[in-house]
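Peer 1: So that you have it, the file is target-v4.cif, and it contains mmCIF, C-alpha atoms:
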data_model
#
loop_
_atom_site.label_atom_id
_atom_site.label_comp_id
_atom_site.auth_asym_id
_atom_site.auth_seq_id
_atom_site.Cartn_x
_atom_site.Cartn_y
_atom_site.Cartn_z
CA MET T 1 30.40 -5.87 3.35
CA GLU T 2 28.18 -3.11 2.03
CA LYS T 3 26.60 -5.20 -0.70
CA ILE T 4 24.70 -7.51 1.64
CA PRO T 5 21.02 -7.44 0.64
CA HIS T 6 18.54 -5.84 3.05
CA ARG T 7 16.55 -9.04 3.32
CA THR T 8 19.60 -11.05 4.35
CA ILE T 9 20.08 -8.67 7.29
CA GLY T 10 16.42 -9.10 8.19
CA ARG T 11 16.76 -12.89 8.14
CA LEU T 12 19.97 -12.79 10.20
CA THR T 13 18.13 -10.88 12.95
CA LEU T 14 15.44 -13.57 12.80
CA TYR T 15 18.01 -16.41 13.09
CA TRP T 16 19.61 -14.58 16.01
CA ARG T 17 16.31 -14.45 17.86
CA ILE T 18 15.64 -18.16 17.21
CA LEU T 19 19.16 -19.03 18.41
CA ARG T 20 18.57 -16.94 21.54
CA ASP T 21 15.39 -18.95 22.20
CA LEU T 22 17.18 -22.26 21.48
CA ALA T 23 19.99 -21.28 23.88
CA GLY T 24 17.32 -20.49 26.49
CA GLU T 25 15.90 -24.00 25.95
CA ASN T 26 19.40 -25.48 26.46
CA HIS T 27 19.89 -26.66 22.89
CA SER T 28 23.58 -26.93 21.98
CA HIS T 29 23.29 -27.56 18.23
CA VAL T 30 20.80 -26.86 15.45
CA TYR T 31 20.55 -28.15 11.89
CA SER T 32 20.06 -25.69 9.03
CA HIS T 33 16.72 -27.34 8.19
CA ALA T 34 15.46 -26.81 11.77
CA LEU T 35 16.55 -23.17 11.69
CA ALA T 36 14.90 -22.90 8.27
CA SER T 37 11.62 -24.42 9.44
CA ARG T 38 11.41 -22.05 12.41
CA SER T 39 12.20 -19.08 10.12
CA ARG T 40 9.86 -20.23 7.34
CA VAL T 41 12.63 -20.16 4.70
CA THR T 42 14.50 -23.00 2.94
CA ALA T 43 17.55 -24.70 4.45
CA ALA T 44 19.54 -23.61 1.37
CA GLN T 45 18.59 -20.00 2.12
CA VAL T 46 19.79 -20.37 5.73
CA ARG T 47 23.14 -21.79 4.56
CA ARG T 48 23.58 -19.01 1.98
CA ASP T 49 22.76 -16.32 4.56
CA LEU T 50 25.18 -17.76 7.13
CA MET T 51 27.99 -17.91 4.56
CA VAL T 52 27.90 -14.10 4.71
CA LEU T 53 29.25 -14.45 8.27
CA GLY T 54 31.98 -16.82 7.14
CA TYR T 55 30.50 -19.45 9.43
CA THR T 56 29.84 -23.06 8.47
CA GLY T 57 28.31 -25.82 10.56
CA THR T 58 29.68 -29.32 11.01
CA PRO T 59 27.31 -31.47 8.90
CA ALA T 60 27.06 -34.25 11.48
CA ARG T 61 25.70 -32.12 14.36
CA GLY T 62 24.59 -28.91 12.68
CA TYR T 63 25.53 -25.44 13.90
CA ASP T 64 26.77 -24.74 17.43
CA VAL T 65 23.93 -22.58 18.85
CA HIS T 66 26.08 -20.37 21.11
CA LYS T 67 28.89 -19.86 18.58
CA LEU T 68 26.52 -19.06 15.74
CA LYS T 69 24.55 -16.66 17.95
CA HIS T 70 27.81 -14.92 18.89
CA HIS T 71 28.91 -14.68 15.23
CA ILE T 72 25.62 -13.04 14.30
CA GLU T 73 25.89 -10.62 17.23
CA VAL T 74 29.38 -9.52 16.20
CA PHE T 75 28.16 -9.06 12.64
CA LEU T 76 24.80 -7.38 13.28
CA PHE T 77 24.95 -5.49 16.53
CA PRO T 78 27.01 -2.39 17.30
CA ALA T 79 30.35 -2.88 19.10
CA GLU T 80 29.85 0.41 20.93
CA GLU T 81 26.63 2.12 22.02
CA GLN T 82 24.68 3.41 19.03
CA ARG T 83 22.14 6.15 19.57
CA ALA T 84 18.78 6.85 17.96
CA VAL T 85 16.32 9.75 18.13
CA ILE T 86 12.57 9.78 17.56
CA ALA T 87 10.36 12.49 16.07
CA GLY T 88 6.76 12.42 17.24
CA VAL T 89 5.76 11.19 20.70
CA GLY T 90 2.04 10.65 20.13
CA ASN T 91 0.52 7.20 20.77
CA ILE T 92 2.76 5.27 18.40
CA GLY T 93 5.88 7.25 19.35
CA ARG T 94 5.39 6.70 23.07
CA ALA T 95 4.70 2.99 22.57
CA LEU T 96 7.89 2.71 20.50
CA LEU T 97 9.96 4.51 23.16
CA LYS T 98 8.77 2.04 25.77
CA PHE T 99 9.17 -0.91 23.38
CA PHE T 100 12.71 -0.13 22.21
CA ASN T 101 14.45 1.24 25.27
CA GLY T 102 16.13 -1.53 27.25
CA ARG T 103 15.59 -4.08 24.47
CA ARG T 104 19.08 -3.75 22.96
CA PRO T 105 21.76 -2.82 25.49
CA LYS T 106 23.83 -1.09 22.80
CA LEU T 107 21.06 0.81 21.03
CA ARG T 108 19.49 3.66 22.96
CA ILE T 109 16.90 6.30 22.04
CA ALA T 110 18.69 9.36 23.35
CA ALA T 111 16.18 12.11 22.50
CA SER T 112 12.72 12.79 21.13
CA PHE T 113 11.35 15.69 19.11
CA GLU T 114 7.90 17.26 19.03
CA ARG T 115 6.04 20.19 17.52
CA ASN T 116 3.82 20.50 20.60
CA PRO T 117 5.49 23.00 23.04
CA ASP T 118 3.71 21.40 26.02
CA LYS T 119 6.06 18.45 25.63
CA PHE T 120 9.35 20.38 25.34
CA ASN T 121 12.00 19.97 28.05
CA ARG T 122 10.16 17.08 29.65
CA LEU T 123 11.13 13.43 30.03
CA ILE T 124 8.76 11.22 28.02
CA GLN T 125 9.25 7.52 28.85
CA GLY T 126 12.57 8.54 30.37
CA CYS T 127 13.72 10.30 27.21
CA PRO T 128 14.21 14.12 26.95
CA CYS T 129 11.84 15.84 24.51
CA HIS T 130 12.95 18.83 22.40
CA SER T 131 11.53 21.11 19.77
CA ILE T 132 12.10 19.73 16.27
CA GLU T 133 13.98 22.99 15.62
CA GLU T 134 16.72 21.82 17.98
CA ALA T 135 17.07 18.50 16.14
CA GLY T 136 20.31 19.42 14.37
CA GLU T 137 22.09 20.38 17.58
CA VAL T 138 20.72 17.47 19.63
CA ILE T 139 21.58 14.90 16.95
CA ARG T 140 25.12 16.21 16.64
CA ASN T 141 25.57 16.28 20.45
CA THR T 142 24.25 12.73 20.93
CA GLN T 143 25.99 11.49 17.74
CA ALA T 144 22.76 9.66 16.93
CA THR T 145 22.84 7.77 13.61
CA VAL T 146 19.31 6.30 13.60
CA GLY T 147 16.10 8.35 13.39
CA ILE T 148 12.57 7.10 13.99
CA ILE T 149 9.79 9.04 12.26
CA ALA T 150 6.42 8.80 14.01
CA VAL T 151 4.95 12.17 12.98
CA PRO T 152 1.86 12.82 10.80
CA ASP T 153 2.37 11.90 7.13
CA GLU T 154 2.58 15.48 5.90
CA GLU T 155 5.49 16.30 8.26
CA ALA T 156 7.53 13.18 7.51
CA GLN T 157 9.62 14.50 4.60
CA PHE T 158 10.55 17.66 6.54
CA VAL T 159 11.69 15.53 9.49
CA ALA T 160 13.62 13.19 7.17
CA ASP T 161 15.42 16.19 5.59
CA THR T 162 16.29 17.53 9.07
CA PHE T 163 17.51 14.09 10.18
CA VAL T 164 19.68 13.55 7.11
CA ALA T 165 21.19 17.06 7.29
CA SER T 166 22.14 16.37 10.94
CA GLY T 167 23.94 13.08 10.31
CA ILE T 168 21.23 10.41 10.59
CA ARG T 169 22.04 7.48 8.27
CA GLY T 170 19.26 4.97 9.05
CA ILE T 171 15.57 5.87 9.26
CA LEU T 172 12.70 3.83 10.65
CA ASN T 173 9.65 5.43 9.02
CA PHE T 174 6.17 4.94 10.49
CA ALA T 175 4.64 7.70 8.37
CA ARG T 176 2.85 6.50 5.24
CA THR T 177 4.91 8.71 2.94
CA PRO T 178 7.63 7.40 0.62
CA LEU T 179 10.64 9.44 1.79
CA HIS T 180 13.19 10.96 -0.56
CA VAL T 181 16.67 10.61 0.92
CA PRO T 182 20.24 10.43 -0.48
CA PRO T 183 21.40 6.96 -1.62
CA ASP T 184 23.68 6.47 1.42
CA VAL T 185 20.72 6.78 3.83
CA TYR T 186 18.74 3.62 4.55
CA VAL T 187 14.97 3.82 5.08
CA GLU T 188 12.99 1.00 6.66
CA ASP T 189 9.28 1.65 6.18
CA VAL T 190 6.85 0.22 8.72
CA ASP T 191 3.43 0.72 7.24
CA LEU T 192 0.89 -0.37 9.85
CA ALA T 193 -2.15 0.64 7.78
CA MET T 194 -0.89 -1.37 4.80
CA SER T 195 -0.22 -4.42 6.98
CA MET T 196 -3.73 -4.20 8.42
CA ASP T 197 -5.28 -3.81 4.94
CA LYS T 198 -3.39 -6.90 3.75
CA ALA T 199 -4.49 -9.03 6.73
CA ALA T 200 -8.10 -7.88 6.20
CA TYR T 201 -7.98 -8.52 2.43
CA PHE T 202 -6.58 -12.04 2.72
CA ALA T 203 -9.02 -12.88 5.55
CA ARG T 204 -11.91 -12.02 3.19
CA GLN T 205 -10.35 -13.98 0.33
CA SER T 206 -9.96 -17.00 2.61
CA LEU T 207 -13.65 -16.85 3.58
CA LYS T 208 -14.72 -16.37 -0.05
CA SER T 209 -12.93 -19.54 -1.06
CA GLU T 210 -14.72 -21.60 1.61
CA PRO T 211 -18.16 -21.90 -0.07
CA SER T 212 -16.54 -23.36 -3.17
CA LYS T 213 -14.82 -25.96 -0.98
CA ALA T 214 -18.22 -26.82 0.54
CA VAL T 215 -19.70 -27.28 -2.92
CA ILE T 216 -16.91 -29.65 -3.89
CA LYS T 217 -17.51 -31.66 -0.71
CA GLU T 218 -21.21 -32.00 -1.56
CA ILE T 219 -20.44 -33.23 -5.05
CA HIS T 220 -18.18 -35.94 -3.67
CA LEU T 221 -20.61 -37.12 -1.00
CA MET J 1 -8.71 -13.87 -7.53
CA GLU J 2 -6.96 -15.86 -4.79
CA LYS J 3 -3.66 -16.17 -6.60
CA ILE J 4 -2.75 -12.48 -6.35
CA PRO J 5 0.67 -12.22 -4.70
CA HIS J 6 0.84 -10.67 -1.22
CA ARG J 7 3.23 -7.97 -2.42
CA THR J 8 0.83 -6.87 -5.16
CA ILE J 9 -1.82 -6.25 -2.51
CA GLY J 10 0.70 -4.27 -0.48
CA ARG J 11 1.57 -2.12 -3.50
CA LEU J 12 -2.11 -1.58 -4.36
CA THR J 13 -2.70 -0.14 -0.87
CA LEU J 14 0.29 2.14 -1.48
CA TYR J 15 -1.06 3.32 -4.86
CA TRP J 16 -4.44 3.92 -3.23
CA ARG J 17 -2.87 6.18 -0.62
CA ILE J 18 -0.92 8.13 -3.25
CA LEU J 19 -4.09 8.53 -5.35
CA ARG J 20 -5.93 9.77 -2.26
CA ASP J 21 -3.18 12.38 -1.76
CA LEU J 22 -3.25 13.33 -5.47
CA ALA J 23 -7.04 13.73 -5.34
CA GLY J 24 -6.58 15.96 -2.30
CA GLU J 25 -4.14 18.08 -4.32
CA ASN J 26 -6.75 18.35 -7.12
CA HIS J 27 -4.86 16.26 -9.68
CA SER J 28 -7.20 14.68 -12.23
CA HIS J 29 -4.76 12.36 -14.00
CA VAL J 30 -1.49 10.59 -13.21
CA TYR J 31 1.00 8.77 -15.43
CA SER J 32 2.22 5.32 -14.45
CA HIS J 33 5.78 6.63 -14.18
CA ALA J 34 4.68 9.36 -11.73
CA LEU J 35 2.81 6.78 -9.64
CA ALA J 36 5.90 4.54 -9.87
CA SER J 37 8.28 7.27 -8.77
CA ARG J 38 6.15 8.12 -5.73
CA SER J 39 5.90 4.40 -4.86
CA ARG J 40 9.59 3.70 -5.54
CA VAL J 41 8.82 0.89 -8.02
CA THR J 42 9.12 0.75 -11.83
CA ALA J 43 6.40 2.02 -14.17
CA ALA J 44 6.18 -1.49 -15.65
CA GLN J 45 5.45 -2.84 -12.15
CA VAL J 46 2.67 -0.27 -11.66
CA ARG J 47 1.07 -1.24 -14.98
CA ARG J 48 1.31 -4.97 -14.18
CA ASP J 49 -0.22 -4.44 -10.73
CA LEU J 50 -3.09 -2.35 -12.10
CA MET J 51 -3.88 -4.99 -14.73
CA VAL J 52 -5.00 -7.16 -11.80
CA LEU J 53 -7.88 -4.68 -11.40
CA GLY J 54 -8.73 -4.90 -15.09
CA TYR J 55 -8.05 -1.17 -15.33
CA THR J 56 -5.95 0.47 -18.04
CA GLY J 57 -5.04 4.13 -18.45
CA THR J 58 -5.34 6.19 -21.59
CA PRO J 59 -1.72 6.60 -22.73
CA ALA J 60 -2.13 10.28 -23.64
CA ARG J 61 -3.24 11.52 -20.20
CA GLY J 62 -2.38 8.65 -17.87
CA TYR J 63 -4.80 7.22 -15.32
CA ASP J 64 -7.89 9.06 -14.10
CA VAL J 65 -7.06 9.64 -10.41
CA HIS J 66 -10.62 9.35 -9.05
CA LYS J 67 -11.61 6.36 -11.18
CA LEU J 68 -8.45 4.45 -10.41
CA LYS J 69 -8.79 5.21 -6.69
CA HIS J 70 -12.37 3.94 -6.79
CA HIS J 71 -11.33 0.75 -8.64
CA ILE J 72 -8.71 0.00 -6.01
CA GLU J 73 -11.21 0.64 -3.21
CA VAL J 74 -13.73 -1.79 -4.68
CA PHE J 75 -10.98 -4.36 -5.07
CA LEU J 76 -9.17 -3.93 -1.75
CA PHE J 77 -11.59 -2.72 0.86
CA PRO J 78 -14.54 -4.60 2.35
CA ALA J 79 -18.00 -3.92 0.89
CA GLU J 80 -19.54 -4.39 4.35
CA GLU J 81 -18.09 -3.70 7.78
CA GLN J 82 -15.31 -6.15 8.62
CA ARG J 83 -14.39 -6.68 12.25
CA ALA J 84 -11.07 -7.32 13.95
CA VAL J 85 -10.05 -8.24 17.50
CA ILE J 86 -6.79 -7.61 19.33
CA ALA J 87 -5.01 -9.74 21.95
CA GLY J 88 -2.80 -7.77 24.31
CA VAL J 89 -3.52 -4.18 25.32
CA GLY J 90 -0.12 -3.21 26.68
CA ASN J 91 1.73 -0.23 25.20
CA ILE J 92 1.81 -1.46 21.63
CA GLY J 93 -1.74 -2.84 21.78
CA ARG J 94 -3.21 0.40 23.10
CA ALA J 95 -1.31 2.47 20.52
CA LEU J 96 -2.65 0.17 17.77
CA LEU J 97 -6.23 0.47 19.04
CA LYS J 98 -5.98 4.24 18.86
CA PHE J 99 -4.17 4.13 15.52
CA PHE J 100 -6.54 1.78 13.71
CA ASN J 101 -9.97 2.72 14.99
CA GLY J 102 -11.56 5.37 12.81
CA ARG J 103 -8.89 5.02 10.10
CA ARG J 104 -10.93 2.69 7.87
CA PRO J 105 -14.68 3.25 8.11
CA LYS J 106 -15.36 -0.39 7.22
CA LEU J 107 -12.77 -2.06 9.44
CA ARG J 108 -13.40 -1.89 13.17
CA ILE J 109 -11.63 -3.42 16.16
CA ALA J 110 -14.64 -4.82 17.99
CA ALA J 111 -13.00 -6.38 21.06
CA SER J 112 -9.72 -6.83 22.90
CA PHE J 113 -8.38 -9.67 25.01
CA GLU J 114 -6.07 -9.69 28.01
CA ARG J 115 -4.64 -12.02 30.61
CA ASN J 116 -4.65 -9.29 33.25
CA PRO J 117 -8.01 -9.48 35.14
CA ASP J 118 -7.75 -5.77 36.08
CA LYS J 119 -8.55 -4.97 32.46
CA PHE J 120 -11.55 -7.30 32.01
CA ASN J 121 -14.98 -5.82 31.34
CA ARG J 122 -13.56 -2.35 30.79
CA LEU J 123 -13.48 -0.14 27.74
CA ILE J 124 -9.89 0.39 26.58
CA GLN J 125 -9.64 3.08 23.90
CA GLY J 126 -13.39 2.65 23.44
CA CYS J 127 -13.08 -1.09 22.91
CA PRO J 128 -14.43 -3.73 25.36
CA CYS J 129 -11.74 -5.90 26.96
CA HIS J 130 -12.33 -9.58 27.76
CA SER J 131 -10.43 -12.51 29.19
CA ILE J 132 -8.61 -14.44 26.46
CA GLU J 133 -10.68 -17.44 27.62
CA GLU J 134 -13.78 -15.77 26.20
CA ALA J 135 -12.10 -15.23 22.81
CA GLY J 136 -13.97 -18.04 21.05
CA GLU J 137 -17.40 -16.74 22.06
CA VAL J 138 -16.58 -13.05 21.44
CA ILE J 139 -15.05 -13.73 18.02
CA ARG J 140 -18.09 -15.78 16.95
CA ASN J 141 -20.50 -13.12 18.27
CA THR J 142 -18.70 -10.25 16.55
CA GLN J 143 -17.99 -12.36 13.42
CA ALA J 144 -14.46 -10.94 13.49
CA THR J 145 -12.19 -12.29 10.74
CA VAL J 146 -8.97 -10.40 11.55
CA GLY J 147 -6.91 -10.85 14.72
CA ILE J 148 -4.08 -8.65 15.94
CA ILE J 149 -1.51 -10.30 18.20
CA ALA J 150 0.27 -7.89 20.55
CA VAL J 151 1.01 -10.26 23.44
CA PRO J 152 4.44 -11.38 24.74
CA ASP J 153 6.31 -13.70 22.33
CA GLU J 154 5.77 -16.85 24.40
CA GLU J 155 1.96 -16.44 24.35
CA ALA J 156 1.64 -15.69 20.63
CA GLN J 157 1.20 -19.25 19.33
CA PHE J 158 -1.52 -19.97 21.93
CA VAL J 159 -3.38 -16.82 20.90
CA ALA J 160 -2.98 -17.69 17.20
CA ASP J 161 -4.41 -21.19 17.83
CA THR J 162 -7.37 -19.68 19.73
CA PHE J 163 -7.95 -17.13 16.96
CA VAL J 164 -7.85 -19.71 14.17
CA ALA J 165 -10.15 -22.12 16.02
CA SER J 166 -12.67 -19.27 16.44
CA GLY J 167 -12.80 -18.27 12.77
CA ILE J 168 -10.03 -15.66 12.38
CA ARG J 169 -8.58 -15.85 8.85
CA GLY J 170 -6.08 -12.96 8.78
CA ILE J 171 -3.54 -12.27 11.54
CA LEU J 172 -1.43 -9.18 12.13
CA ASN J 173 1.40 -10.48 14.32
CA PHE J 174 3.50 -8.09 16.41
CA ALA J 175 5.05 -10.90 18.46
CA ARG J 176 8.49 -11.98 17.30
CA THR J 177 7.48 -15.61 16.93
CA PRO J 178 6.98 -17.33 13.57
CA LEU J 179 3.38 -18.57 13.91
CA HIS J 180 2.18 -21.96 12.74
CA VAL J 181 -1.27 -21.65 11.17
CA PRO J 182 -3.28 -23.62 8.56
CA PRO J 183 -2.59 -22.69 4.90
CA ASP J 184 -5.90 -20.80 4.52
CA VAL J 185 -4.95 -18.34 7.28
CA TYR J 186 -2.85 -15.34 6.30
CA VAL J 187 -0.21 -13.98 8.70
CA GLU J 188 1.31 -10.53 8.29
CA ASP J 189 4.32 -10.21 10.59
CA VAL J 190 5.27 -6.76 11.84
CA ASP J 191 8.65 -7.18 13.48
CA LEU J 192 9.55 -3.85 15.07
CA ALA J 193 12.78 -5.11 16.65
CA MET J 194 13.98 -6.47 13.29
CA SER J 195 13.15 -3.22 11.53
CA MET J 196 15.10 -1.26 14.15
CA ASP J 197 18.08 -3.63 13.90
CA LYS J 198 18.12 -3.19 10.12
CA ALA J 199 17.98 0.61 10.30
CA ALA J 200 20.80 0.57 12.89
CA TYR J 201 22.93 -1.86 10.88
CA PHE J 202 22.69 0.07 7.62
CA ALA J 203 23.32 3.37 9.42
CA ARG J 204 26.62 1.95 10.70
CA GLN J 205 27.52 0.56 7.28
CA SER J 206 26.82 3.95 5.71
CA LEU J 207 29.18 5.65 8.18
CA LYS J 208 31.85 2.99 7.65
CA SER J 209 31.84 3.60 3.92
CA GLU J 210 32.35 7.36 4.34
CA PRO J 211 36.10 7.35 5.08
CA SER J 212 36.77 5.45 1.86
CA LYS J 213 34.77 8.07 -0.08
CA ALA J 214 36.88 10.78 1.56
CA VAL J 215 40.05 8.98 0.48
CA ILE J 216 38.83 8.79 -3.10
CA LYS J 217 38.10 12.52 -3.06
CA GLU J 218 41.62 13.27 -1.83
CA ILE J 219 43.14 11.17 -4.59
CA HIS J 220 41.21 13.07 -7.21
CA LEU J 221 41.99 16.52 -5.82
#
As structure tokens, how would this structure be written, given the file I've shared?

Peer 2:
Amino acid sequence: MEKIPHRTIGRLTLYWRILRDLAGENHSHVYSHALASRSRVTAAQVRRDLMVLGYTGTPARGYDVHKLKHHIEVFLFPAEEQRAVIAGVGNIGRALLKFFNGRRPKLRIAASFERNPDKFNRLIQGCPCHSIEEAGEVIRNTQATVGIIAVPDEEAQFVADTFVASGIRGILNFARTPLHVPPDVYVEDVDLAMSMDKAAYFARQSLKSEPSKAVIKEIHL
Amino acid sequence: MEKIPHRTIGRLTLYWRILRDLAGENHSHVYSHALASRSRVTAAQVRRDLMVLGYTGTPARGYDVHKLKHHIEVFLFPAEEQRAVIAGVGNIGRALLKFFNGRRPKLRIAASFERNPDKFNRLIQGCPCHSIEEAGEVIRNTQATVGIIAVPDEEAQFVADTFVASGIRGILNFARTPLHVPPDVYVEDVDLAMSMDKAAYFARQSLKSEPSKAVIKEIHL
């Protein structure tokens, strides 16, 4: 169970979402190649990933949409409510609070942490805000296992250390700092600046390659 | 130039950021293994990635921090101002506007688009907001090449089609919809719900594996 690659888990959440959409469109079955095409992976990859669940489709009609969706839910989503906390309720932090809460019935952001005393003991997007110094106590009381880091880069490692010492085992890191954590703690980095730089870089490369295409067209005219 | 893998570009932006931090800490040189350790990749990977730039370090002292940073900047960042647009100025969209503008001097979000008429012809985070129906004209006027999609999932493909038809060549997609675009358009998906699900899943797996560790400890006592 514990050896499942991180990317397989990512793809399973993607399949789940596609199955949810297919169920909403009243599809009863789906072929691995259709699931693959919507996920932009190969059909062989889809079949390998789904084997992890111990679920196989009937070749004639493909996978049962509702059953497969249920199998993925049992595998991926918590059986009981799982709680998360967030450090940093600036622009990104507040947007994340609003984005995440209510999205997964069994995953709830139970508390937020700030350095700014003006925000202490207030509800921010419906979520109580505490001093980061109270993080240990709040995390133990809420039994939170997931921590979101949305603080400035230079504070990220300190927050990660506090989170890990208090029992957090999965971190969603929006700071652009590679975090050092023990091997049993999972870090998912979301690097918005890097993603933007990549989109901008490839947009320029795409435009650069256009004049050469135009030249080739002229030669063939 | 166009065959450079997407992940190499991602890692180059990471090295750039580390070099910027090292320069700020007054380091003059850095070894590939130190850069690798901070980036959580192998030293061989760092050396391979930097070969793309045509830059090699002197083995005795490592890479010159300022020179290498400059080489990456010339390679990665636009020589002239590059413009982006954003569709959707809800919570995530507004947070992104505030996050991105001012972060890269040569990359500016020049306009935003909305479906909600209350937001038209207003400045949102300093950025003019237009109807999505004006997207073609605004994108051509601003010569934007990058488009950020922060609209509800079911509107994302329509926005992507509008963007591509108007000259956008790089898309940063926050909707949880695999987009269909021509091969010369780059899409960078940022799937916040998937990232959260992964962090939550691995946090639970980490806790599950703890009792077995405890048992092993008892046996060895």

Peer 1: If we count all atoms listed in the file and set the cut-off at 9 Å, which residues sit around J:Arg20, ignoring sequence neighbours fewer than 3 positions away in its own chain? Please answer as a ChimeraX atom specification.

Peer 2: /J:15-17,23-25,65-66,69

Peer 1: For J:Ala165, work out the shell of residues within 12 Å, counting all atoms listed in the file and skipping chain neighbours fewer than 4 positions away, then give it as a list in words.

Peer 2: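 Near neighbours after the sequence-gap exclusion: Ala135, Gly136, Glu137, Ile139, Arg140, Thr145, Gly147, Phe158, Val159, Ala160, Asp161, Arg169, Val181, Pro182 and Val185 of chain J.
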
Peer 1: Please identify all polymer residues within 6 Å of stretch 76-85 of chain T, counting all atoms listed in the file, omitting same-chain residues fewer than 2 positions from it, and present them as a list in words.

Peer 2: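 Non-adjacent residues within range: Ile72, Glu73, Val74, Lys106, Leu107, Arg108, Ile109, Ala110, Ala111, Ser112, Ala144, Val146 and Gly147 of chain T.
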
Peer 1: Quote the spacing between atom CA of T:Tyr55 and atom CA of J:Leu207 in Å to one decimal place.

Peer 2: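 We find that atom CA of T:Tyr55 and atom CA of J:Leu207 lie 25.2 Å from each other.
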
Peer 1: Could you write out as a VMD selection string the residues that the PyMOL selection byres ((chain T and resi 13) around 12) matches in the shown file?

Peer 2: (chain T and resid 6 to 12 14 to 20 39 49 to 50 69 71 to 77) or (chain J and resid 176 191 to 201)

Peer 1: With C-alpha atoms retained, export the selected residues as a short mmCIF file (atom, residue, chain, number, x, y, z; two decimals), keeping the file's coordinate frame.

Peer 2:
data_model
loop_
_atom_site.label_atom_id
_atom_site.label_comp_id
_atom_site.auth_asym_id
_atom_site.auth_seq_id
_atom_site.Cartn_x
_atom_site.Cartn_y
_atom_site.Cartn_z
CA HIS T 6 18.54 -5.84 3.05
CA ARG T 7 16.55 -9.04 3.32
CA THR T 8 19.60 -11.05 4.35
CA ILE T 9 20.08 -8.67 7.29
CA GLY T 10 16.42 -9.10 8.19
CA ARG T 11 16.76 -12.89 8.14
CA LEU T 12 19.97 -12.79 10.20
CA LEU T 14 15.44 -13.57 12.80
CA TYR T 15 18.01 -16.41 13.09
CA TRP T 16 19.61 -14.58 16.01
CA ARG T 17 16.31 -14.45 17.86
CA ILE T 18 15.64 -18.16 17.21
CA LEU T 19 19.16 -19.03 18.41
CA ARG T 20 18.57 -16.94 21.54
CA SER T 39 12.20 -19.08 10.12
CA ASP T 49 22.76 -16.32 4.56
CA LEU T 50 25.18 -17.76 7.13
CA LYS T 69 24.55 -16.66 17.95
CA HIS T 71 28.91 -14.68 15.23
CA ILE T 72 25.62 -13.04 14.30
CA GLU T 73 25.89 -10.62 17.23
CA VAL T 74 29.38 -9.52 16.20
CA PHE T 75 28.16 -9.06 12.64
CA LEU T 76 24.80 -7.38 13.28
CA PHE T 77 24.95 -5.49 16.53
CA ARG J 176 8.49 -11.98 17.30
CA ASP J 191 8.65 -7.18 13.48
CA LEU J 192 9.55 -3.85 15.07
CA ALA J 193 12.78 -5.11 16.65
CA MET J 194 13.98 -6.47 13.29
CA SER J 195 13.15 -3.22 11.53
CA MET J 196 15.10 -1.26 14.15
CA ASP J 197 18.08 -3.63 13.90
CA LYS J 198 18.12 -3.19 10.12
CA ALA J 199 17.98 0.61 10.30
CA ALA J 200 20.80 0.57 12.89
CA TYR J 201 22.93 -1.86 10.88
#

Peer 1: Which residue out of T:Ser37, T:Asn26, T:Gln45, T:Ser32 has the minimum interatomic distance to chain J when all atoms listed in the file are used?

Peer 2: T:Ser37

Peer 1: Just give me the gap between atom CA of J:Ala150 and atom CA of T:Glu188 in Å, one decimal is fine.

Peer 2: 20.8 Å

Peer 1: So, with all atoms listed in the file as the atoms that count, which of J:Leu179, J:Val138, J:Ile171, J:Leu53 lies closest to chain T?

Peer 2: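 Comparing J:Leu179, J:Val138, J:Ile171, J:Leu53 against chain T, the winner is J:Ile171.
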
Peer 1: Around (19.9, -25.7, 16.0) in the file's own coordinates, what residues are found within 8 Å if you use all atoms listed in the file, given back as a list in words?

Peer 2: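 Those within range, by chain then number, are Leu19, Leu22, His27, Ser28, His29, Val30, Tyr31, Ser32, Ala34, Leu35, Gly62, Tyr63, Asp64 and Val65 of chain T.
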
Peer 1: What's the separation between atom CA of T:Thr162 and atom CA of T:Phe120, in Å to one decimal place?

Peer 2: 17.9 Å

Peer 1: Find the spatial neighbours of T:His33, counting only C-alpha atoms, within a cut-off of 12 Å - ignore same-chain residues fewer than 5 positions away - and output them as a ChimeraX atom specification.

Peer 2: /T:38-47,57,59,61-63

Peer 1: Can you list, as a list in words, every protein, DNA or RNA residue that comes within 8 Å of stretch 89-95 of chain T when you count only C-alpha atoms, leaving out same-chain residues fewer than 4 positions away?

Peer 2: Phe99, Ser112, Phe113, Glu114, Ile124, Gln125, Ala150 and Val151 of chain T; Asn91, Ile92, Ala95, Leu96, Lys98 and Phe99 of chain J

Peer 1: As lines of an AutoDock Vina configuration file, please report the centre and edge lengths, rounded to one decimal in Å, of the axis-aligned box that holds all listed atoms of stretch 24-38 of chain J with 6 Å of padding on each of the six sides.

Peer 2:
center_x = 0.5
center_y = 11.4
center_z = -8.9
size_x = 27.5
size_y = 25.8
size_z = 25.1
